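J.: Following this line is upload-v8.tsv, made up of TSV, C-alpha atoms:
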```tsv
chain	number	residue	atom	x	y	z
A	1	MET	CA	-194.94	-55.02	-2.99
A	2	ARG	CA	-196.20	-55.46	-6.54
A	3	LYS	CA	-194.56	-57.76	-9.04
A	4	PRO	CA	-192.45	-55.89	-11.64
A	5	THR	CA	-194.16	-55.52	-15.00
A	6	ASN	CA	-192.42	-56.06	-18.33
A	7	ARG	CA	-192.22	-52.27	-18.60
A	8	ASP	CA	-190.49	-52.07	-15.20
A	9	LYS	CA	-188.04	-54.78	-16.26
A	10	LEU	CA	-187.30	-53.05	-19.55
A	11	LEU	CA	-186.53	-49.79	-17.77
A	12	ALA	CA	-184.48	-51.29	-14.93
A	13	ARG	CA	-182.41	-53.66	-17.05
A	14	GLY	CA	-182.42	-51.28	-20.00
A	15	LEU	CA	-180.81	-48.61	-17.86
A	16	ARG	CA	-177.85	-50.90	-17.20
A	17	VAL	CA	-177.52	-51.85	-20.87
A	18	VAL	CA	-177.76	-48.23	-22.05
A	19	HIS	CA	-175.37	-47.05	-19.34
A	20	GLN	CA	-172.80	-49.62	-20.49
A	21	ARG	CA	-173.25	-49.24	-24.25
A	22	GLY	CA	-174.93	-45.90	-24.81
A	23	LEU	CA	-178.37	-45.58	-26.39
A	24	ALA	CA	-176.93	-45.80	-29.91
A	25	GLY	CA	-174.93	-48.91	-29.02
A	26	ALA	CA	-177.77	-50.76	-27.30
A	27	SER	CA	-180.15	-52.54	-29.63
A	28	VAL	CA	-183.76	-53.22	-28.73
A	29	ARG	CA	-182.81	-56.91	-28.83
A	30	ASP	CA	-180.07	-56.27	-26.21
A	31	ILE	CA	-182.55	-54.47	-23.99
A	32	VAL	CA	-185.31	-57.10	-24.16
A	33	GLN	CA	-182.81	-59.93	-23.64
A	34	ALA	CA	-181.40	-58.22	-20.55
A	35	ALA	CA	-184.94	-57.69	-19.25
A	36	GLY	CA	-185.94	-61.28	-20.00
A	37	VAL	CA	-189.13	-60.23	-21.78
A	38	PRO	CA	-190.53	-60.97	-25.25
A	39	GLN	CA	-189.30	-58.76	-28.14
A	40	GLY	CA	-192.80	-57.34	-28.70
A	41	SER	CA	-192.90	-55.98	-25.15
A	42	PHE	CA	-190.67	-53.10	-26.14
A	43	SER	CA	-193.01	-51.68	-28.78
A	44	ASN	CA	-196.00	-52.33	-26.50
A	45	HIS	CA	-194.57	-49.95	-23.90
A	46	PHE	CA	-192.49	-47.42	-25.83
A	47	ALA	CA	-193.36	-45.51	-29.00
A	48	SER	CA	-189.72	-45.52	-30.10
A	49	LYS	CA	-186.21	-46.18	-28.92
A	50	GLU	CA	-185.85	-42.41	-28.47
A	51	ALA	CA	-188.92	-42.34	-26.17
A	52	PHE	CA	-187.38	-45.22	-24.21
A	53	GLY	CA	-184.13	-43.22	-24.06
A	54	VAL	CA	-185.88	-40.23	-22.49
A	55	GLU	CA	-187.49	-42.49	-19.86
A	56	ILE	CA	-184.11	-44.05	-19.09
A	57	LEU	CA	-182.70	-40.55	-18.67
A	58	ASP	CA	-185.50	-39.71	-16.23
A	59	LEU	CA	-184.89	-42.92	-14.29
A	60	TYR	CA	-181.19	-42.08	-14.04
A	61	PHE	CA	-182.07	-38.53	-12.99
A	62	GLY	CA	-184.07	-40.03	-10.10
A	63	PHE	CA	-180.77	-41.33	-8.71
A	64	THR	CA	-179.21	-37.91	-9.29
A	65	ARG	CA	-182.01	-36.21	-7.33
A	66	LYS	CA	-181.20	-38.43	-4.34
A	67	VAL	CA	-177.54	-37.44	-4.58
A	68	LEU	CA	-178.51	-33.75	-4.76
A	69	ALA	CA	-180.75	-34.11	-1.69
A	70	ALA	CA	-177.93	-35.74	0.29
A	71	THR	CA	-175.25	-33.29	-0.83
A	72	LEU	CA	-175.75	-29.91	-2.53
A	73	ASP	CA	-179.28	-29.40	-1.22
A	74	ASN	CA	-178.53	-30.73	2.29
A	75	THR	CA	-178.64	-27.66	4.53
A	76	ASP	CA	-177.47	-29.73	7.52
A	77	LEU	CA	-173.97	-29.52	6.00
A	78	ALA	CA	-171.83	-26.41	5.59
A	79	PRO	CA	-172.06	-25.18	1.97
A	80	LEU	CA	-168.53	-26.08	0.86
A	81	LYS	CA	-168.85	-29.47	2.60
A	82	ARG	CA	-171.99	-30.03	0.51
A	83	LEU	CA	-170.03	-29.32	-2.65
A	84	GLU	CA	-167.23	-31.62	-1.58
A	85	ALA	CA	-169.77	-34.35	-0.76
A	86	TYR	CA	-171.36	-33.91	-4.21
A	87	ILE	CA	-168.04	-34.39	-6.01
A	88	ASP	CA	-167.22	-37.37	-3.78
A	89	ALA	CA	-170.63	-38.90	-4.51
A	90	ASN	CA	-170.00	-38.62	-8.25
A	91	GLN	CA	-166.64	-40.32	-7.82
A	92	ALA	CA	-168.17	-43.07	-5.66
A	93	PHE	CA	-170.89	-43.58	-8.27
A	94	LEU	CA	-168.26	-44.25	-10.93
A	95	ASP	CA	-166.51	-46.69	-8.64
A	96	GLN	CA	-169.81	-48.50	-8.00
A	97	TRP	CA	-171.30	-48.53	-11.52
A	98	GLY	CA	-168.02	-48.91	-13.38
A	99	VAL	CA	-165.74	-46.05	-14.29
A	100	GLU	CA	-165.66	-47.38	-17.87
A	101	ASN	CA	-169.38	-46.54	-18.15
A	102	GLY	CA	-168.96	-42.90	-17.12
A	103	CYS	CA	-172.02	-40.74	-16.63
A	104	LEU	CA	-175.15	-41.35	-18.67
A	105	TYR	CA	-175.54	-37.59	-19.22
A	106	GLY	CA	-172.15	-37.35	-20.88
A	107	THR	CA	-172.77	-40.48	-22.94
A	108	TYR	CA	-176.09	-39.13	-24.18
A	109	ALA	CA	-174.61	-35.69	-24.89
A	110	ALA	CA	-171.88	-37.28	-27.00
A	111	GLU	CA	-174.44	-39.30	-28.98
A	112	ILE	CA	-176.86	-36.48	-29.77
A	113	THR	CA	-177.54	-35.88	-33.44
A	114	GLY	CA	-180.03	-33.63	-35.16
A	115	HIS	CA	-182.70	-36.32	-34.74
A	116	ASP	CA	-182.61	-36.55	-30.94
A	117	GLU	CA	-184.34	-33.31	-29.98
A	118	PRO	CA	-186.42	-34.73	-27.08
A	119	ILE	CA	-183.29	-36.23	-25.53
A	120	ARG	CA	-181.31	-33.01	-26.06
A	121	ARG	CA	-184.06	-30.90	-24.46
A	122	ARG	CA	-184.28	-33.23	-21.46
A	123	LEU	CA	-180.51	-33.16	-21.00
A	124	VAL	CA	-180.54	-29.36	-21.04
A	125	GLU	CA	-183.28	-29.37	-18.38
A	126	ILE	CA	-181.25	-31.75	-16.21
A	127	PHE	CA	-178.07	-29.70	-16.63
A	128	HIS	CA	-180.05	-26.60	-15.54
A	129	VAL	CA	-181.18	-28.39	-12.37
A	130	LEU	CA	-177.61	-29.43	-11.60
A	131	GLN	CA	-176.25	-25.94	-12.25
A	132	ASP	CA	-179.01	-24.35	-10.14
A	133	SER	CA	-178.10	-26.62	-7.20
A	134	LEU	CA	-174.40	-25.81	-7.59
A	135	THR	CA	-175.11	-22.08	-7.80
A	136	ALA	CA	-177.40	-22.15	-4.75
A	137	CYS	CA	-174.73	-23.99	-2.79
A	138	LEU	CA	-172.12	-21.39	-3.76
A	139	ARG	CA	-174.51	-18.57	-2.78
A	140	ALA	CA	-174.95	-20.23	0.61
A	141	ALA	CA	-171.14	-20.31	0.94
A	142	VAL	CA	-171.02	-16.56	0.18
A	143	LYS	CA	-173.75	-15.92	2.75
A	144	ALA	CA	-171.86	-18.01	5.32
A	145	GLY	CA	-168.72	-15.95	4.68
A	146	ASP	CA	-166.80	-18.88	3.16
A	147	LEU	CA	-166.47	-17.10	-0.19
A	148	PRO	CA	-166.07	-13.38	-1.00
A	149	LYS	CA	-169.20	-11.26	-1.36
A	150	ASP	CA	-168.38	-10.50	-5.01
A	151	PHE	CA	-167.93	-14.18	-5.90
A	152	ASP	CA	-169.66	-14.93	-9.24
A	153	CYS	CA	-171.74	-17.94	-8.22
A	154	ASN	CA	-173.45	-18.33	-11.61
A	155	VAL	CA	-170.24	-18.45	-13.61
A	156	VAL	CA	-168.46	-20.72	-11.14
A	157	GLY	CA	-171.52	-22.98	-10.86
A	158	GLU	CA	-171.48	-23.46	-14.64
A	159	PHE	CA	-167.71	-23.98	-14.53
A	160	ILE	CA	-168.05	-26.68	-11.85
A	161	LEU	CA	-170.75	-28.50	-13.82
A	162	SER	CA	-168.73	-28.40	-17.05
A	163	SER	CA	-165.46	-29.32	-15.37
A	164	LEU	CA	-166.91	-32.18	-13.36
A	165	GLN	CA	-168.61	-33.61	-16.46
A	166	GLY	CA	-165.28	-33.30	-18.28
A	167	ALA	CA	-163.42	-34.99	-15.42
A	168	ILE	CA	-165.95	-37.83	-15.48
A	169	LEU	CA	-165.46	-38.20	-19.23
A	170	LEU	CA	-161.67	-38.30	-18.81
A	171	SER	CA	-162.11	-40.84	-16.01
A	172	LYS	CA	-164.14	-43.01	-18.38
A	173	GLY	CA	-161.34	-42.88	-20.95
A	174	LYS	CA	-158.53	-43.43	-18.46
A	175	ARG	CA	-160.46	-46.10	-16.54
A	176	ASP	CA	-159.67	-44.43	-13.23
A	177	THR	CA	-161.07	-41.49	-11.29
A	178	SER	CA	-157.83	-39.51	-10.95
A	179	PRO	CA	-159.23	-36.67	-13.14
A	180	ILE	CA	-162.02	-36.13	-10.59
A	181	THR	CA	-159.49	-36.09	-7.75
A	182	ALA	CA	-157.39	-33.52	-9.65
A	183	PHE	CA	-160.44	-31.38	-10.45
A	184	LYS	CA	-161.51	-31.37	-6.80
A	185	ARG	CA	-158.02	-30.43	-5.62
A	186	VAL	CA	-157.75	-27.50	-8.07
A	187	LEU	CA	-161.31	-26.33	-7.36
A	188	PHE	CA	-160.82	-26.12	-3.60
A	189	ALA	CA	-157.19	-24.93	-3.64
A	190	ASN	CA	-157.37	-22.35	-6.40
A	191	ILE	CA	-160.94	-21.29	-7.15
A	192	LEU	CA	-162.95	-21.55	-3.93
A	193	ARG	CA	-160.71	-19.45	-1.71
```
The structure given in the file should be rewritten as structure tokens.
T.:
Amino acid sequence: MRKPTNRDKLLARGLRVVHQRGLAGASVRDIVQAAGVPQGSFSNHFASKEAFGVEILDLYFGFTRKVLAATLDNTDLAPLKRLEAYIDANQAFLDQWGVENGCLYGTYAAEITGHDEPIRRRLVEIFHVLQDSLTACLRAAVKAGDLPKDFDCNVVGEFILSSLQGAILLSKGKRDTSPITAFKRVLFANILR
């Protein structure tokens, strides 16, 4: 196993700092101090704080891909069980990483200004991947006979993505995951029937 480079340390520790404070709220000084590397290391490895922010987003998305593989994309589970597992995994993530930190995607989306086009584009790409996985899972539920044949998987997939992100944001504000629990209950009791 190779020894972590300064770049590795900046990304790993920087992810935690940015997740806690947001990209706008995390200074380069905060990031290098957390990584335990010299101040100049940052500019040696990243063209800008925005470029660093995109790489942090990609690192975070690596964790998301693992969650997708274990839940929505896991064909060993029944489709609606996959969806339930995905929501539960998001809730467990908040419990593990700190509900007060929320989801990095939501934090980044809230911080976007007209000057953050690379970050905005990357977020849109990630949201498309998430929505595609949700929609595919719903289509599998239709095929399995768990949802009606005329069920609008695209619209409901987008609704689930938006609603779950909103529930995560509310959880961040409330400092508890009850909004996710409520969302899941309404989704399964009133929409997916």
J.: Counting all atoms listed in the file, write as a PDB file with C-alpha atoms, in the coordinates of the input all protein and nucleic acid residues lying at most 12 Å from (-181.6, -59.7, -24.0) in the file's frame.
T.:
```pdb
ATOM      1  CA  LYS A   9    -188.040 -54.780 -16.260  1.00  0.00           C
ATOM      2  CA  LEU A  10    -187.300 -53.050 -19.550  1.00  0.00           C
ATOM      3  CA  ARG A  13    -182.410 -53.660 -17.050  1.00  0.00           C
ATOM      4  CA  GLY A  14    -182.420 -51.280 -20.000  1.00  0.00           C
ATOM      5  CA  ARG A  16    -177.850 -50.900 -17.200  1.00  0.00           C
ATOM      6  CA  VAL A  17    -177.520 -51.850 -20.870  1.00  0.00           C
ATOM      7  CA  ALA A  26    -177.770 -50.760 -27.300  1.00  0.00           C
ATOM      8  CA  SER A  27    -180.150 -52.540 -29.630  1.00  0.00           C
ATOM      9  CA  VAL A  28    -183.760 -53.220 -28.730  1.00  0.00           C
ATOM     10  CA  ARG A  29    -182.810 -56.910 -28.830  1.00  0.00           C
ATOM     11  CA  ASP A  30    -180.070 -56.270 -26.210  1.00  0.00           C
ATOM     12  CA  ILE A  31    -182.550 -54.470 -23.990  1.00  0.00           C
ATOM     13  CA  VAL A  32    -185.310 -57.100 -24.160  1.00  0.00           C
ATOM     14  CA  GLN A  33    -182.810 -59.930 -23.640  1.00  0.00           C
ATOM     15  CA  ALA A  34    -181.400 -58.220 -20.550  1.00  0.00           C
ATOM     16  CA  ALA A  35    -184.940 -57.690 -19.250  1.00  0.00           C
ATOM     17  CA  GLY A  36    -185.940 -61.280 -20.000  1.00  0.00           C
ATOM     18  CA  VAL A  37    -189.130 -60.230 -21.780  1.00  0.00           C
ATOM     19  CA  PRO A  38    -190.530 -60.970 -25.250  1.00  0.00           C
ATOM     20  CA  GLN A  39    -189.300 -58.760 -28.140  1.00  0.00           C
ATOM     21  CA  SER A  41    -192.900 -55.980 -25.150  1.00  0.00           C
ATOM     22  CA  PHE A  42    -190.670 -53.100 -26.140  1.00  0.00           C
TER      23      PHE A  42
END
```
J.: Hey, which bits of stretch 82-135 of chain A sit within 12 Å of stretch 170-188 of chain A, and for each residue what's the closest pair of atoms and how far apart in Å (one decimal), counting all atoms listed in the file, rows by chain and increasing number, as JSON lines?
T.:
```
{"residue": "A:Leu83", "atom": "CA", "partner": "A:Lys184", "partner_atom": "CA", "distance": 9.7}
{"residue": "A:Glu84", "atom": "CA", "partner": "A:Lys184", "partner_atom": "CA", "distance": 7.7}
{"residue": "A:Ala85", "atom": "CA", "partner": "A:Lys184", "partner_atom": "CA", "distance": 10.7}
{"residue": "A:Tyr86", "atom": "CA", "partner": "A:Lys184", "partner_atom": "CA", "distance": 10.5}
{"residue": "A:Ile87", "atom": "CA", "partner": "A:Lys184", "partner_atom": "CA", "distance": 7.2}
{"residue": "A:Asp88", "atom": "CA", "partner": "A:Ile180", "partner_atom": "CA", "distance": 8.7}
{"residue": "A:Ala89", "atom": "CA", "partner": "A:Ile180", "partner_atom": "CA", "distance": 10.9}
{"residue": "A:Asn90", "atom": "CA", "partner": "A:Ile180", "partner_atom": "CA", "distance": 8.7}
{"residue": "A:Gln91", "atom": "CA", "partner": "A:Thr177", "partner_atom": "CA", "distance": 6.7}
{"residue": "A:Ala92", "atom": "CA", "partner": "A:Thr177", "partner_atom": "CA", "distance": 9.2}
{"residue": "A:Phe93", "atom": "CA", "partner": "A:Thr177", "partner_atom": "CA", "distance": 10.5}
{"residue": "A:Leu94", "atom": "CA", "partner": "A:Thr177", "partner_atom": "CA", "distance": 7.7}
{"residue": "A:Asp95", "atom": "CA", "partner": "A:Thr177", "partner_atom": "CA", "distance": 8.0}
{"residue": "A:Gln96", "atom": "CA", "partner": "A:Thr177", "partner_atom": "CA", "distance": 11.7}
{"residue": "A:Trp97", "atom": "CA", "partner": "A:Lys172", "partner_atom": "CA", "distance": 11.3}
{"residue": "A:Gly98", "atom": "CA", "partner": "A:Lys172", "partner_atom": "CA", "distance": 8.7}
{"residue": "A:Val99", "atom": "CA", "partner": "A:Lys172", "partner_atom": "CA", "distance": 5.3}
{"residue": "A:Glu100", "atom": "CA", "partner": "A:Lys172", "partner_atom": "CA", "distance": 4.7}
{"residue": "A:Asn101", "atom": "CA", "partner": "A:Lys172", "partner_atom": "CA", "distance": 6.3}
{"residue": "A:Gly102", "atom": "CA", "partner": "A:Lys172", "partner_atom": "CA", "distance": 5.0}
{"residue": "A:Cys103", "atom": "CA", "partner": "A:Lys172", "partner_atom": "CA", "distance": 8.4}
{"residue": "A:Leu104", "atom": "CA", "partner": "A:Lys172", "partner_atom": "CA", "distance": 11.1}
{"residue": "A:Gly106", "atom": "CA", "partner": "A:Lys172", "partner_atom": "CA", "distance": 10.1}
{"residue": "A:Thr107", "atom": "CA", "partner": "A:Lys172", "partner_atom": "CA", "distance": 10.1}
```
J.: When you look at A:Val155 with a cut-off of 9 Å (counting only C-alpha atoms), what residues show up, excluding the ones that are within fewer than 4 positions of it in the same chain? I need them as a ChimeraX atom specification.
T.: /A:135,159-160
J.: One decimal, Å: what's the distance from atom CA of A:Gln20 over to atom CA of A:Ala110, could you say?
T.: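 Separation of atom CA of A:Gln20 and atom CA of A:Ala110: 14.0 Å.
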J.: Between A:Cys153, A:Ala144, A:Ala167, A:Leu59, which one has atoms that come closest to A:Leu77, using all atoms listed in the file?
T.: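 Ranking A:Cys153, A:Ala144, A:Ala167, A:Leu59 by distance to A:Leu77, first place goes to A:Ala144.
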J.: Each side padded by 4 Å, which centre and which edge lengths in Å (one decimal) define the axis-aligned box around the listed atoms of stretch 130-140 of chain A? Give them as lines of an AutoDock Vina configuration file.
T.:
```
center_x = -175.6
center_y = -24.0
center_z = -5.8
size_x = 14.9
size_y = 18.9
size_z = 20.9
```
J.: Which residues, protein or nucleic acid, reach to within 12 Å of (-178.4, -34.7, -1.9) in the file's coordinates when using only C-alpha atoms, and can you give that as a PDB file with C-alpha atoms, in the coordinates of the input?
T.:
```
ATOM      1  CA  GLY A  62    -184.070 -40.030 -10.100  1.00  0.00           C
ATOM      2  CA  PHE A  63    -180.770 -41.330  -8.710  1.00  0.00           C
ATOM      3  CA  THR A  64    -179.210 -37.910  -9.290  1.00  0.00           C
ATOM      4  CA  ARG A  65    -182.010 -36.210  -7.330  1.00  0.00           C
ATOM      5  CA  LYS A  66    -181.200 -38.430  -4.340  1.00  0.00           C
ATOM      6  CA  VAL A  67    -177.540 -37.440  -4.580  1.00  0.00           C
ATOM      7  CA  LEU A  68    -178.510 -33.750  -4.760  1.00  0.00           C
ATOM      8  CA  ALA A  69    -180.750 -34.110  -1.690  1.00  0.00           C
ATOM      9  CA  ALA A  70    -177.930 -35.740   0.290  1.00  0.00           C
ATOM     10  CA  THR A  71    -175.250 -33.290  -0.830  1.00  0.00           C
ATOM     11  CA  LEU A  72    -175.750 -29.910  -2.530  1.00  0.00           C
ATOM     12  CA  ASP A  73    -179.280 -29.400  -1.220  1.00  0.00           C
ATOM     13  CA  ASN A  74    -178.530 -30.730   2.290  1.00  0.00           C
ATOM     14  CA  THR A  75    -178.640 -27.660   4.530  1.00  0.00           C
ATOM     15  CA  ASP A  76    -177.470 -29.730   7.520  1.00  0.00           C
ATOM     16  CA  LEU A  77    -173.970 -29.520   6.000  1.00  0.00           C
ATOM     17  CA  LYS A  81    -168.850 -29.470   2.600  1.00  0.00           C
ATOM     18  CA  ARG A  82    -171.990 -30.030   0.510  1.00  0.00           C
ATOM     19  CA  LEU A  83    -170.030 -29.320  -2.650  1.00  0.00           C
ATOM     20  CA  GLU A  84    -167.230 -31.620  -1.580  1.00  0.00           C
ATOM     21  CA  ALA A  85    -169.770 -34.350  -0.760  1.00  0.00           C
ATOM     22  CA  TYR A  86    -171.360 -33.910  -4.210  1.00  0.00           C
ATOM     23  CA  ILE A  87    -168.040 -34.390  -6.010  1.00  0.00           C
ATOM     24  CA  ASP A  88    -167.220 -37.370  -3.780  1.00  0.00           C
ATOM     25  CA  ALA A  89    -170.630 -38.900  -4.510  1.00  0.00           C
ATOM     26  CA  ASN A  90    -170.000 -38.620  -8.250  1.00  0.00           C
ATOM     27  CA  LEU A 130    -177.610 -29.430 -11.600  1.00  0.00           C
ATOM     28  CA  SER A 133    -178.100 -26.620  -7.200  1.00  0.00           C
ATOM     29  CA  LEU A 134    -174.400 -25.810  -7.590  1.00  0.00           C
ATOM     30  CA  CYS A 137    -174.730 -23.990  -2.790  1.00  0.00           C
TER      31      CYS A 137
END
```
J.: Rounded to one decimal place, report the atom CA of A:Gly166-atom CA of A:Asp146 distance in Å.
T.: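 Value for the atom CA of A:Gly166-atom CA of A:Asp146 distance: 25.9 Å.
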J.: Any idea what the distance is between atom CA of A:Leu15 and atom CA of A:Val54?
T.: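 That distance, rounded to one decimal, is 10.8 Å.
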J.: When distances are computed from all atoms listed in the file, which of A:Ser48, A:Ser163, A:Asn190, A:Asn154 shows the smallest separation from A:Asp132?
T.: A:Asn154
J.: Tell me which of A:Leu123, A:Arg21, A:Val156, A:Met1 sits closest to A:Asp58, counting all atoms listed in the file.
T.: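 Using all atoms listed in the file, the shortest distance to A:Asp58 belongs to A:Leu123.
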J.: Using all atoms listed in the file, which of the listed residues (A:Ile56, A:Leu23, A:Leu80, A:Leu169) sits closest to A:Glu111?
T.: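 Closest candidate: A:Leu23.
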J.: Go through A:Gly157, A:Pro79, A:Lys143, A:Gly40 and flag the residue nearest A:Asn6, using only C-alpha atoms for the distances.
T.: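 Using only C-alpha atoms, the shortest distance to A:Asn6 belongs to A:Gly40.
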J.: Using all atoms listed in the file, pick whichever of A:Leu11, A:Ala136, A:Ala51, A:Leu192 has the shortest atom-to-atom distance to A:Pro148.
T.: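 For A:Pro148, the nearest of the given residues is A:Leu192.
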J.: Would you kindly return, as a list in words, each protein, DNA or RNA residue with an atom no farther than 9 Å from any atom of A:Arg120, considering only C-alpha atoms and excluding same-chain residues fewer than 5 positions away?
T.: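 Residues meeting the cut-off are Tyr108, Ala109, Ile112, Thr113 and Glu125 of chain A.
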